[in-house]
Structure formats: structure tokens, C-alpha cells
$ cat input_17.cif   # mmCIF, C-alpha atoms
data_run
#
loop_
_atom_site.group_PDB
_atom_site.id
_atom_site.type_symbol
_atom_site.label_atom_id
_atom_site.label_comp_id
_atom_site.auth_asym_id
_atom_site.auth_seq_id
_atom_site.Cartn_x
_atom_site.Cartn_y
_atom_site.Cartn_z
ATOM 1 C CA MET O 1 98.866 79.847 87.823
ATOM 2 C CA THR O 2 95.194 79.687 86.819
ATOM 3 C CA ASN O 3 93.083 82.818 86.864
ATOM 4 C CA GLU O 4 89.346 82.397 87.345
ATOM 5 C CA ALA O 5 86.761 85.039 88.013
ATOM 6 C CA SER O 6 83.387 84.481 89.655
ATOM 7 C CA SER O 7 80.275 85.000 87.561
ATOM 8 C CA ALA O 8 79.651 88.323 89.261
ATOM 9 C CA ASP O 9 83.121 89.597 88.411
ATOM 10 C CA LYS O 10 82.992 90.737 84.812
ATOM 11 C CA THR O 11 85.089 93.327 83.079
ATOM 12 C CA PRO O 12 83.115 96.565 83.504
ATOM 13 C CA SER O 13 81.980 98.750 80.667
ATOM 14 C CA PHE O 14 83.104 102.337 80.368
ATOM 15 C CA GLU O 15 81.525 105.433 78.882
ATOM 16 C CA LYS O 16 83.737 106.830 76.138
ATOM 17 C CA THR O 17 84.225 110.546 75.520
ATOM 18 C CA TRP O 18 85.332 111.869 72.116
ATOM 19 C CA GLY O 19 86.494 115.247 70.888
ATOM 20 C CA SER O 20 88.214 118.104 72.644
ATOM 21 C CA SER O 21 85.458 118.949 75.112
ATOM 22 C CA THR O 22 86.590 119.063 78.708
ATOM 23 C CA SER O 23 83.099 118.721 80.163
ATOM 24 C CA SER O 24 83.808 115.120 81.120
ATOM 25 C CA GLY O 25 87.309 115.737 82.367
ATOM 26 C CA TYR O 26 89.071 113.909 79.529
ATOM 27 C CA CYS O 27 89.621 114.525 75.883
ATOM 28 C CA SER O 28 91.431 113.090 72.913
ATOM 29 C CA GLU O 29 93.803 114.586 70.399
ATOM 30 C CA GLU O 30 94.799 113.492 66.926
ATOM 31 C CA GLU O 31 97.926 114.641 65.119
ATOM 32 C CA PRO O 32 99.723 113.197 62.064
ATOM 33 C CA ASP O 33 102.594 111.687 64.064
ATOM 34 C CA SER O 34 101.141 111.566 67.539
ATOM 35 C CA GLU O 35 99.180 109.042 69.524
ATOM 36 C CA PHE O 36 95.410 109.139 69.310
ATOM 37 C CA GLU O 37 94.025 108.554 72.776
ATOM 38 C CA GLN O 38 90.552 107.493 73.813
ATOM 39 C CA TYR O 39 89.640 108.382 77.385
ATOM 40 C CA PHE O 40 86.966 106.472 79.230
ATOM 41 C CA THR O 41 85.206 108.550 81.849
ATOM 42 C CA ALA O 42 84.676 107.116 85.319
ATOM 43 C CA ARG O 43 85.690 110.130 87.412
ATOM 44 C CA THR O 44 86.378 113.827 86.847
ATOM 45 C CA SER O 45 88.494 115.001 89.760
ATOM 46 C CA PHE O 46 92.261 115.370 89.425
ATOM 47 C CA PHE O 47 92.831 115.146 93.177
ATOM 48 C CA PRO O 48 91.693 112.073 95.162
ATOM 49 C CA LYS O 49 88.934 112.716 97.668
ATOM 50 C CA THR O 50 89.633 112.524 101.367
ATOM 51 C CA ARG O 51 89.041 109.001 102.605
ATOM 52 C CA LYS O 52 86.649 108.448 105.453
ATOM 53 C CA ASP O 53 88.528 105.485 106.824
ATOM 54 C CA THR O 54 91.054 106.085 109.540
ATOM 55 C CA VAL O 55 94.216 104.474 108.227
ATOM 56 C CA SER O 56 97.275 103.792 110.301
ATOM 57 C CA ALA O 57 100.468 103.392 108.302
ATOM 58 C CA ASN O 58 102.632 102.930 111.364
ATOM 59 C CA VAL O 59 101.376 99.660 112.739
ATOM 60 C CA LYS O 60 103.992 97.827 114.773
ATOM 61 C CA LYS O 61 105.755 95.156 112.769
ATOM 62 C CA ASP O 62 104.958 92.462 115.291
ATOM 63 C CA GLU O 63 101.241 93.188 114.744
ATOM 64 C CA GLN O 64 101.595 93.372 110.964
ATOM 65 C CA ILE O 65 103.546 90.283 109.964
ATOM 66 C CA GLU O 66 103.628 88.002 112.982
ATOM 67 C CA SER O 67 101.048 85.694 111.425
ATOM 68 C CA GLY O 68 102.744 85.975 108.036
ATOM 69 C CA LYS O 69 105.953 84.410 109.318
ATOM 70 C CA GLN O 70 104.268 81.545 111.104
ATOM 71 C CA GLU O 71 104.775 78.228 109.335
ATOM 72 C CA PHE O 72 102.434 75.244 109.582
ATOM 73 C CA THR O 73 103.029 71.549 109.152
ATOM 74 C CA THR O 74 101.228 69.662 106.385
ATOM 75 C CA ALA O 75 98.761 68.258 108.923
ATOM 76 C CA GLU O 76 98.058 71.723 110.302
ATOM 77 C CA ILE O 77 97.528 73.086 106.793
ATOM 78 C CA GLN O 78 95.055 70.297 106.007
ATOM 79 C CA GLN O 79 93.134 71.071 109.175
ATOM 80 C CA LYS O 80 93.087 74.801 108.456
ATOM 81 C CA VAL O 81 91.904 74.209 104.884
ATOM 82 C CA LYS O 82 89.003 72.121 106.215
ATOM 83 C CA GLU O 83 88.114 74.817 108.739
ATOM 84 C CA TYR O 84 88.330 77.514 106.080
ATOM 85 C CA ASN O 85 86.017 75.647 103.702
ATOM 86 C CA THR O 86 83.375 75.228 106.411
ATOM 87 C CA GLN O 87 83.303 78.996 107.016
ATOM 88 C CA ILE O 88 82.680 80.227 103.460
ATOM 89 C CA ASN O 89 79.238 80.662 101.900
ATOM 90 C CA SER O 90 80.309 80.151 98.289
ATOM 91 C CA ASN O 91 82.020 77.570 96.130
ATOM 92 C CA LEU O 92 85.409 79.332 96.341
ATOM 93 C CA PHE O 93 86.989 76.497 98.283
ATOM 94 C CA MET O 94 90.627 75.803 98.977
ATOM 95 C CA ASN O 95 92.076 72.472 97.865
ATOM 96 C CA MET O 96 95.124 70.549 99.050
ATOM 97 C CA ASN O 97 97.712 69.203 96.620
ATOM 98 C CA LYS O 98 99.782 66.073 97.019
ATOM 99 C CA ASP O 99 102.994 68.071 97.333
ATOM 100 C CA GLY O 100 101.730 69.898 100.423
ATOM 101 C CA SER O 101 100.782 73.113 98.641
ATOM 102 C CA TYR O 102 97.202 74.269 98.229
ATOM 103 C CA THR O 103 95.142 76.380 95.861
ATOM 104 C CA GLY O 104 92.254 78.748 96.425
ATOM 105 C CA PHE O 105 90.724 82.104 95.636
ATOM 106 C CA ILE O 106 91.558 85.597 96.806
ATOM 107 C CA LYS O 107 89.517 88.728 96.162
ATOM 108 C CA VAL O 108 91.402 91.925 95.327
ATOM 109 C CA GLN O 109 89.836 95.383 95.360
ATOM 110 C CA PHE O 110 91.133 98.126 93.071
ATOM 111 C CA LYS O 111 91.850 101.490 94.698
ATOM 112 C CA LEU O 112 93.613 103.323 91.891
ATOM 113 C CA ALA O 113 93.806 107.117 91.812
ATOM 114 C CA ARG O 114 95.259 107.391 88.304
ATOM 115 C CA PRO O 115 94.169 106.031 84.912
ATOM 116 C CA VAL O 116 95.474 102.795 83.436
ATOM 117 C CA SER O 117 96.353 102.036 79.811
ATOM 118 C CA VAL O 118 95.176 99.193 77.588
ATOM 119 C CA PRO O 119 96.388 98.015 74.160
ATOM 120 C CA PRO O 120 95.210 99.855 71.030
ATOM 121 C CA PRO O 121 92.428 98.351 68.887
ATOM 122 C CA LYS O 122 93.510 95.939 66.201
ATOM 123 C CA LYS O 123 94.147 97.430 62.777
ATOM 124 C CA GLY O 124 91.197 97.188 60.464
ATOM 125 C CA GLY O 125 88.797 96.805 63.377
ATOM 126 C CA HIS O 126 86.030 99.122 64.510
ATOM 127 C CA ASP O 127 85.807 101.301 67.577
ATOM 128 C CA ALA O 128 82.917 101.346 70.034
ATOM 129 C CA GLY O 129 81.050 103.872 67.845
ATOM 130 C CA GLY O 130 81.079 101.555 64.835
ATOM 131 C CA ARG O 131 83.659 103.618 62.979
ATOM 132 C CA LYS O 132 86.480 101.868 61.191
ATOM 133 C CA ALA O 133 89.799 102.290 62.937
ATOM 134 C CA SER O 134 92.371 104.297 61.018
ATOM 135 C CA GLY O 135 96.053 103.550 60.716
ATOM 136 C CA VAL O 136 96.902 106.168 63.359
ATOM 137 C CA LYS O 137 98.619 104.790 66.447
ATOM 138 C CA ARG O 138 96.161 104.526 69.294
ATOM 139 C CA ARG O 139 96.425 104.321 73.030
ATOM 140 C CA THR O 140 93.478 103.973 75.380
ATOM 141 C CA SER O 141 93.424 105.148 78.992
ATOM 142 C CA PHE O 142 90.619 104.998 81.537
ATOM 143 C CA TYR O 143 89.902 105.107 85.238
ATOM 144 C CA LEU O 144 88.762 101.830 86.738
ATOM 145 C CA PRO O 145 85.383 102.139 88.479
ATOM 146 C CA LYS O 146 85.456 102.783 92.195
ATOM 147 C CA ASP O 147 85.637 99.592 94.270
ATOM 148 C CA ALA O 148 86.105 97.325 91.249
ATOM 149 C CA SER O 149 87.296 93.877 92.331
ATOM 150 C CA LYS O 150 88.432 90.546 90.925
ATOM 151 C CA HIS O 151 88.750 86.988 92.192
ATOM 152 C CA LEU O 152 91.934 85.125 91.361
ATOM 153 C CA HIS O 153 92.560 81.402 91.645
ATOM 154 C CA ILE O 154 96.141 81.057 92.860
ATOM 155 C CA SER O 155 98.495 78.703 94.661
ATOM 156 C CA SER O 156 99.990 78.984 98.119
ATOM 157 C CA ARG O 157 103.300 79.420 96.286
ATOM 158 C CA THR O 158 102.124 82.376 94.165
ATOM 159 C CA PRO O 159 103.957 85.569 95.207
ATOM 160 C CA ALA O 160 102.354 89.000 95.396
ATOM 161 C CA ARG O 161 104.196 90.183 92.292
ATOM 162 C CA GLU O 162 102.598 87.447 90.156
ATOM 163 C CA VAL O 163 99.194 88.330 91.613
ATOM 164 C CA ILE O 164 99.653 91.932 90.448
ATOM 165 C CA GLU O 165 100.676 90.770 86.974
ATOM 166 C CA ALA O 166 97.640 88.474 86.756
ATOM 167 C CA LEU O 167 95.272 91.271 87.816
ATOM 168 C CA LEU O 168 96.643 93.621 85.178
ATOM 169 C CA LYS O 169 96.359 90.882 82.575
ATOM 170 C CA LYS O 170 92.687 90.358 83.434
ATOM 171 C CA PHE O 171 91.991 93.994 82.579
ATOM 172 C CA THR O 172 94.496 93.922 79.674
ATOM 173 C CA VAL O 173 96.409 96.736 81.363
ATOM 174 C CA VAL O 174 99.755 97.354 79.669
ATOM 175 C CA ASP O 175 101.253 99.613 82.347
ATOM 176 C CA ASN O 176 104.445 98.466 84.063
ATOM 177 C CA PRO O 177 103.510 96.153 86.994
ATOM 178 C CA GLY O 178 106.152 97.969 89.023
ATOM 179 C CA LYS O 179 103.790 100.953 89.150
ATOM 180 C CA PHE O 180 101.429 98.953 91.361
ATOM 181 C CA ALA O 181 101.600 97.288 94.769
ATOM 182 C CA LEU O 182 99.440 94.818 96.663
ATOM 183 C CA PHE O 183 98.316 95.817 100.147
ATOM 184 C CA GLU O 184 96.602 93.968 102.959
ATOM 185 C CA ARG O 185 93.805 95.766 104.777
ATOM 186 C CA SER O 186 92.534 94.806 108.217
ATOM 187 C CA GLU O 187 90.166 96.264 110.805
ATOM 188 C CA ARG O 188 91.038 96.025 114.478
ATOM 189 C CA HIS O 189 89.743 97.988 117.456
ATOM 190 C CA ASP O 190 87.788 100.384 115.222
ATOM 191 C CA GLN O 191 90.955 101.177 113.275
ATOM 192 C CA VAL O 192 91.844 100.372 109.671
ATOM 193 C CA TYR O 193 95.376 99.151 109.067
ATOM 194 C CA ILE O 194 97.080 99.073 105.674
ATOM 195 C CA ARG O 195 100.314 97.205 104.959
ATOM 196 C CA LYS O 196 102.186 96.891 101.692
ATOM 197 C CA LEU O 197 103.104 93.312 100.798
ATOM 198 C CA SER O 198 106.605 92.554 99.630
ATOM 199 C CA ASP O 199 106.980 91.028 96.166
ATOM 200 C CA ASP O 200 107.709 87.542 97.509
ATOM 201 C CA GLU O 201 104.913 87.312 100.099
ATOM 202 C CA ARG O 202 102.255 84.657 99.440
ATOM 203 C CA PRO O 203 98.736 86.173 99.601
ATOM 204 C CA LEU O 204 96.926 82.828 99.746
ATOM 205 C CA ARG O 205 98.902 81.861 102.861
ATOM 206 C CA LEU O 206 97.787 85.102 104.499
ATOM 207 C CA ARG O 207 94.213 84.345 103.442
ATOM 208 C CA LEU O 208 94.312 80.882 105.003
ATOM 209 C CA ARG O 209 95.827 82.093 108.284
ATOM 210 C CA SER O 210 93.309 84.932 108.616
ATOM 211 C CA GLY O 211 90.227 83.031 107.488
ATOM 212 C CA PRO O 212 87.622 84.180 104.949
ATOM 213 C CA ASN O 213 86.415 87.238 106.893
ATOM 214 C CA GLU O 214 87.146 90.317 104.749
ATOM 215 C CA LYS O 215 87.230 92.590 107.805
ATOM 216 C CA VAL O 216 90.021 90.542 109.312
ATOM 217 C CA LEU O 217 91.989 90.618 106.070
ATOM 218 C CA SER O 218 91.367 91.866 102.547
ATOM 219 C CA PHE O 219 93.623 92.660 99.606
ATOM 220 C CA VAL O 220 93.819 95.984 97.779
ATOM 221 C CA LEU O 221 95.674 96.950 94.605
ATOM 222 C CA LYS O 222 96.997 100.510 94.695
ATOM 223 C CA GLU O 223 99.618 102.642 93.035
ATOM 224 C CA ASN O 224 103.114 101.900 94.241
ATOM 225 C CA GLU O 225 103.766 105.255 95.872
ATOM 226 C CA THR O 226 107.490 105.677 96.265
ATOM 227 C CA GLY O 227 107.572 109.459 96.533
ATOM 228 C CA GLU O 228 106.760 112.283 94.140
ATOM 229 C CA VAL O 229 104.734 111.536 91.024
ATOM 230 C CA ASN O 230 106.970 110.927 88.019
ATOM 231 C CA TRP O 231 105.182 113.118 85.491
ATOM 232 C CA HIS O 232 107.716 112.157 82.817
ATOM 233 C CA ALA O 233 106.152 108.674 82.799
ATOM 234 C CA PHE O 234 102.919 110.063 81.283
ATOM 235 C CA SER O 235 102.309 110.743 77.617
ATOM 236 C CA MET O 236 101.826 114.254 76.238
ATOM 237 C CA PRO O 237 98.028 113.915 75.791
ATOM 238 C CA GLU O 238 97.695 112.610 79.350
ATOM 239 C CA LEU O 239 99.652 115.557 80.754
ATOM 240 C CA LYS O 240 97.520 117.986 78.747
ATOM 241 C CA ASN O 241 94.411 116.337 80.145
ATOM 242 C CA PHE O 242 95.688 116.673 83.696
ATOM 243 C CA LEU O 243 96.396 120.369 83.112
ATOM 244 C CA ARG O 244 92.849 120.897 81.822
ATOM 245 C CA ILE O 245 91.380 119.114 84.833
ATOM 246 C CA LEU O 246 93.583 121.097 87.186
ATOM 247 C CA GLN O 247 92.577 124.384 85.561
ATOM 248 C CA ARG O 248 88.884 123.531 85.735
ATOM 249 C CA GLU O 249 89.108 122.613 89.414
ATOM 250 C CA GLU O 250 91.078 125.779 90.162
ATOM 251 C CA GLU O 251 88.437 127.916 88.438
ATOM 252 C CA GLU O 252 85.688 126.159 90.390
ATOM 253 C CA HIS O 253 87.452 126.741 93.719
ATOM 254 C CA VAL O 254 88.050 130.418 92.889
ATOM 255 C CA LYS O 255 84.375 130.815 91.954
ATOM 256 C CA GLN O 256 83.247 129.288 95.263
ATOM 257 C CA ILE O 257 85.580 131.538 97.276
ATOM 258 C CA VAL O 258 84.422 134.681 95.444
ATOM 259 C CA GLN O 259 80.777 133.775 96.029
ATOM 260 C CA ARG O 260 81.402 133.085 99.715
ATOM 261 C CA TYR O 261 83.092 136.436 100.294
ATOM 262 C CA ALA O 262 80.480 138.277 98.231
ATOM 263 C CA LEU O 263 77.730 136.783 100.367
ATOM 264 C CA ALA O 264 79.533 137.717 103.576
ATOM 265 C CA ARG O 265 80.099 141.266 102.286
ATOM 266 C CA THR O 266 76.416 141.642 101.399
ATOM 267 C CA LYS O 267 75.336 140.520 104.869
ATOM 268 C CA MET O 268 77.734 142.970 106.507
ATOM 269 C CA GLN O 269 76.490 145.824 104.332
ATOM 270 C CA ASP O 270 72.886 144.946 105.158
ATOM 271 C CA ALA O 271 73.745 144.922 108.840
ATOM 272 C CA LEU O 272 75.405 148.329 108.547
ATOM 273 C CA ALA O 273 72.443 149.789 106.636
ATOM 274 C CA GLY O 274 69.980 148.574 109.263
ATOM 275 C CA SER O 275 71.932 149.701 112.279
ATOM 276 C CA THR O 276 71.449 153.051 113.975
ATOM 277 C CA PRO O 277 74.367 155.246 114.967
ATOM 278 C CA GLY O 278 75.120 154.713 118.618
#

$ encode --input "input_17.cif" --output "C-alpha cells"
Amino acid sequence: MTNEASSADKTPSFEKTWGSSTSSGYCSEEEPDSEFEQYFTARTSFFPKTRKDTVSANVKKDEQIESGKQEFTTAEIQQKVKEYNTQINSNLFMNMNKDGSYTGFIKVQFKLARPVSVPPPKKGGHDAGGRKASGVKRRTSFYLPKDASKHLHISSRTPAREVIEALLKKFTVVDNPGKFALFERSERHDQVYIRKLSDDERPLRLRLRSGPNEKVLSFVLKENETGEVNWHAFSMPELKNFLRILQREEEEHVKQIVQRYALARTKMQDALAGSTPG
């Protein structure tokens, strides 16, 4: 499988935070026999914000995968590829192969709520601040920017699981691919529908059947939510970071509640002071 990104899709840069300050939401720790972690700041909230989109997770199966099961003849595929190519306004065309398969591009948006990990810097190299890397084991974690996306050049035979692996490779993410899942997103009748693709589904086939319109069908990479968060899968520094973020948010919420009640109490006392006994 060949991975190609459009000129507009470049690996984003991240602002790096050093030291033990929690002002950015992340920190790093260094111990003789522990991992030294660099955290790249792209968000500060521990809890995901409420989404504005109305998402239905209980779409009827016949509405979700009816088109996915439909098979086309080679002639029908050739015709659909021609129609698809006439509808796009870029050079991301689909191409037929002699064996009846076809290749093309899909765009995948990243909607990740938790940080991802990348390989440590090479020994003897320098970090982003120009300092020479020490021999201490390093691990780097960061949040991907909101609405980051990538184009992949894949085949009609490429399954969703390989698409996930290719996306992680593009960002040099070393997390287990099983932690992630590929979803299809569609808008119908003013509703947004989300469906998780199985590992063996072919995203490019879905793209061809639906056409190039992103509202009709788009792909999203998200965490593979299978139930409660497995906190044991995180490293010690990551867990300590989460606790700091949680504590900071708790303190902020308590402060807002105290201020709200203090204001209400003051208004009531003012009203009582200005009223005349009746």
C-alpha cells in the first residue's frame, strides 16, 4: 500500500513544555531509572468538551451498511470511477487496475481525546531546544491538534485495520493500533450518524459508492472505546499528569461555584437591607 499526503497535509508542529509547571496542563519528570517524558501542549482539559453535533449511535443496520454490502461488476466499477473523477475538484483521482481493483485517496480526520506516543529521540541527537540528548530513556507524548487530517493513497482491497496502521505510521505513533478504530460519518436529514468500521471493511469501496461529498461520507479516527478506560495502560508520568489536570479542573470548578453562591448571597443581603418591614 502506498501512502501519499497532499501538499496541504503536513505533520503539524507542537509547542513543547518543559519542567514541572502545570500551567500548560502537562509536565515532565526525570528520575535515574525512570522514563523522561516530553509533553507537547495542544489542549489543557482532562475531560472532552461536549460536542455540538447530534450523533446517533443507533442507526438501523439496513441504513448503515446496505451500500457497503453491495457488489459491483467490473464494468460498473469502471463507470463509477469515471463518474467519481468528474465530480472532484482536485487531482486525487481514482484509477482502475488490470485485475479489476482500483486505487484512490481517502481523507481521514483525527478526533482523539487522549495523547499519543512517538519514539524517543535518537541517542546523541539534540532536542528541539538545541540541547544534547542524554542517555536517559525518553518517551514523548502529545495531543494531536483538533481536526487534524491526512490523505492516504490506498487500494480497494485495503482493509480498515491497515488504514489505521498507515495513519499511525505517518505520525510515527507507537501506540498499539488496537487502541484506535476507524469510523464513517454521514449527515442525513439534519442528523449526524457515526458507525464503527470492522477491521476487514474496505474504506475506498465505501468512498467510491458514496461519492466524493464529505457530508455524505467521511472517515474519522477515534479511540477504540470498548468500555472503561484502562488506566493501567498508561505510564506513571502520564497518570501523574492526569491527576494534576484533574485537580486543577476541580479547583477551578469549586472556585466558580463559591463565587456564584457568594454573589447570590450578596444580592439577597442587599435586598433584605433595602426592604422595609411589612

$ resolve_selection --input "input_17.cif" --expression "the PyMOL selection byres ((chain O and resi 204) around 9)" --output "mmCIF file with C-alpha atoms, in the frame of the given file"
data_model
loop_
_atom_site.group_PDB
_atom_site.id
_atom_site.type_symbol
_atom_site.label_atom_id
_atom_site.label_comp_id
_atom_site.auth_asym_id
_atom_site.auth_seq_id
_atom_site.Cartn_x
_atom_site.Cartn_y
_atom_site.Cartn_z
ATOM 1 C CA TYR O 102 97.202 74.269 98.229
ATOM 2 C CA THR O 103 95.142 76.380 95.861
ATOM 3 C CA GLY O 104 92.254 78.748 96.425
ATOM 4 C CA PHE O 105 90.724 82.104 95.636
ATOM 5 C CA ILE O 106 91.558 85.597 96.806
ATOM 6 C CA ILE O 154 96.141 81.057 92.860
ATOM 7 C CA SER O 155 98.495 78.703 94.661
ATOM 8 C CA SER O 156 99.990 78.984 98.119
ATOM 9 C CA ARG O 157 103.300 79.420 96.286
ATOM 10 C CA THR O 158 102.124 82.376 94.165
ATOM 11 C CA PRO O 159 103.957 85.569 95.207
ATOM 12 C CA ARG O 202 102.255 84.657 99.440
ATOM 13 C CA PRO O 203 98.736 86.173 99.601
ATOM 14 C CA ARG O 205 98.902 81.861 102.861
ATOM 15 C CA LEU O 206 97.787 85.102 104.499
ATOM 16 C CA ARG O 207 94.213 84.345 103.442
ATOM 17 C CA LEU O 208 94.312 80.882 105.003
ATOM 18 C CA ARG O 209 95.827 82.093 108.284
#

$ residues_around --input "input_17.cif" --residues "Asp175 of chain O" --least-positions-apart "6" --cutoff "12 Å" --atoms "only C-alpha atoms" --output "JSON, numbers by chain"
{"O": [114, 115, 116, 117, 118, 119, 139, 140, 141, 142, 164, 165, 167, 168, 169, 223, 233, 234]}

$ write_last_selection --input "input_17.cif" --atoms "C-alpha atoms" --output "CSV table (one decimal), keeping the file's coordinate frame"
chain,number,residue,atom,x,y,z
O,114,ARG,CA,95.3,107.4,88.3
O,115,PRO,CA,94.2,106.0,84.9
O,116,VAL,CA,95.5,102.8,83.4
O,117,SER,CA,96.4,102.0,79.8
O,118,VAL,CA,95.2,99.2,77.6
O,119,PRO,CA,96.4,98.0,74.2
O,139,ARG,CA,96.4,104.3,73.0
O,140,THR,CA,93.5,104.0,75.4
O,141,SER,CA,93.4,105.1,79.0
O,142,PHE,CA,90.6,105.0,81.5
O,164,ILE,CA,99.7,91.9,90.4
O,165,GLU,CA,100.7,90.8,87.0
O,167,LEU,CA,95.3,91.3,87.8
O,168,LEU,CA,96.6,93.6,85.2
O,169,LYS,CA,96.4,90.9,82.6
O,223,GLU,CA,99.6,102.6,93.0
O,233,ALA,CA,106.2,108.7,82.8
O,234,PHE,CA,102.9,110.1,81.3

$ resolve_selection --input "input_17.cif" --expression "the PyMOL selection byres ((chain O and resi 71-78) around 12)" --output "VMD selection string"
chain O and resid 66 to 70 79 to 85 94 to 103 156 205 to 206 208 to 209

$ atom_distance --input "input_17.cif" --atom1 "atom CA of Gln109 of chain O" --atom2 "atom CA of Leu243 of chain O"
28.6 Å

$ closest_residue --input "input_17.cif" --among "O:Tyr143, O:Tyr261, O:Phe180, O:Phe219" --to "Arg161 of chain O" --atoms "only C-alpha atoms"
O:Phe180

$ axis_aligned_box --input "input_17.cif" --around "segment 239-254 of chain O" --padding-each-side "4 Å" --output "lines of an AutoDock Vina configuration file"
center_x = 92.7
center_y = 123.0
center_z = 86.2
size_x = 22.0
size_y = 22.9
size_z = 23.0

$ atom_distance --input "input_17.cif" --atom1 "atom CA of Lys146 of chain O" --atom2 "atom CA of Arg244 of chain O"
22.1 Å

$ decode --input "input_17.cif" --residues "segment 184-230 of chain O" --atoms "C-alpha atoms" --output "mmCIF file, in the first residue's frame"
data_model
loop_
_atom_site.group_PDB
_atom_site.id
_atom_site.type_symbol
_atom_site.label_atom_id
_atom_site.label_comp_id
_atom_site.auth_asym_id
_atom_site.auth_seq_id
_atom_site.Cartn_x
_atom_site.Cartn_y
_atom_site.Cartn_z
ATOM 1 C CA GLU O 184 -17.597 6.557 8.997
ATOM 2 C CA ARG O 185 -19.503 9.796 9.495
ATOM 3 C CA SER O 186 -22.517 10.833 7.443
ATOM 4 C CA GLU O 187 -25.135 13.584 7.556
ATOM 5 C CA ARG O 188 -28.729 12.776 6.699
ATOM 6 C CA HIS O 189 -31.936 14.651 7.479
ATOM 7 C CA ASP O 190 -30.114 17.144 9.719
ATOM 8 C CA GLN O 191 -28.686 14.280 11.771
ATOM 9 C CA VAL O 192 -25.090 13.106 12.111
ATOM 10 C CA TYR O 193 -24.557 9.358 12.063
ATOM 11 C CA ILE O 194 -21.400 7.613 13.250
ATOM 12 C CA ARG O 195 -20.590 3.965 12.544
ATOM 13 C CA LYS O 196 -17.519 1.996 13.526
ATOM 14 C CA LEU O 197 -15.948 0.081 10.643
ATOM 15 C CA SER O 198 -14.967 -3.521 11.152
ATOM 16 C CA ASP O 199 -11.301 -4.402 10.647
ATOM 17 C CA ASP O 200 -11.906 -6.051 7.270
ATOM 18 C CA GLU O 201 -14.116 -3.367 5.692
ATOM 19 C CA ARG O 202 -12.650 -1.586 2.654
ATOM 20 C CA PRO O 203 -12.818 2.221 3.086
ATOM 21 C CA LEU O 204 -12.058 3.016 -0.558
ATOM 22 C CA ARG O 205 -15.051 0.929 -1.667
ATOM 23 C CA LEU O 206 -17.253 2.957 0.672
ATOM 24 C CA ARG O 207 -15.733 6.142 -0.744
ATOM 25 C CA LEU O 208 -16.497 5.110 -4.320
ATOM 26 C CA ARG O 209 -20.089 4.086 -3.559
ATOM 27 C CA SER O 210 -20.805 7.311 -1.663
ATOM 28 C CA GLY O 211 -19.011 9.699 -3.999
ATOM 29 C CA PRO O 212 -16.559 12.455 -3.026
ATOM 30 C CA ASN O 213 -19.009 14.528 -0.954
ATOM 31 C CA GLU O 214 -17.670 14.640 2.624
ATOM 32 C CA LYS O 215 -21.145 15.283 4.047
ATOM 33 C CA VAL O 216 -22.414 12.067 2.527
ATOM 34 C CA LEU O 217 -19.461 10.116 3.894
ATOM 35 C CA SER O 218 -16.258 10.973 5.725
ATOM 36 C CA PHE O 219 -13.781 8.957 7.769
ATOM 37 C CA VAL O 220 -12.755 9.661 11.357
ATOM 38 C CA LEU O 221 -10.054 8.071 13.508
ATOM 39 C CA LYS O 222 -11.045 7.810 17.166
ATOM 40 C CA GLU O 223 -10.140 5.856 20.254
ATOM 41 C CA ASN O 224 -11.468 2.326 20.215
ATOM 42 C CA GLU O 225 -13.849 2.691 23.138
ATOM 43 C CA THR O 226 -14.664 -0.750 24.439
ATOM 44 C CA GLY O 227 -15.762 0.247 27.928
ATOM 45 C CA GLU O 228 -13.985 1.761 30.914
ATOM 46 C CA VAL O 229 -10.609 3.411 30.409
ATOM 47 C CA ASN O 230 -7.760 1.016 31.152
#
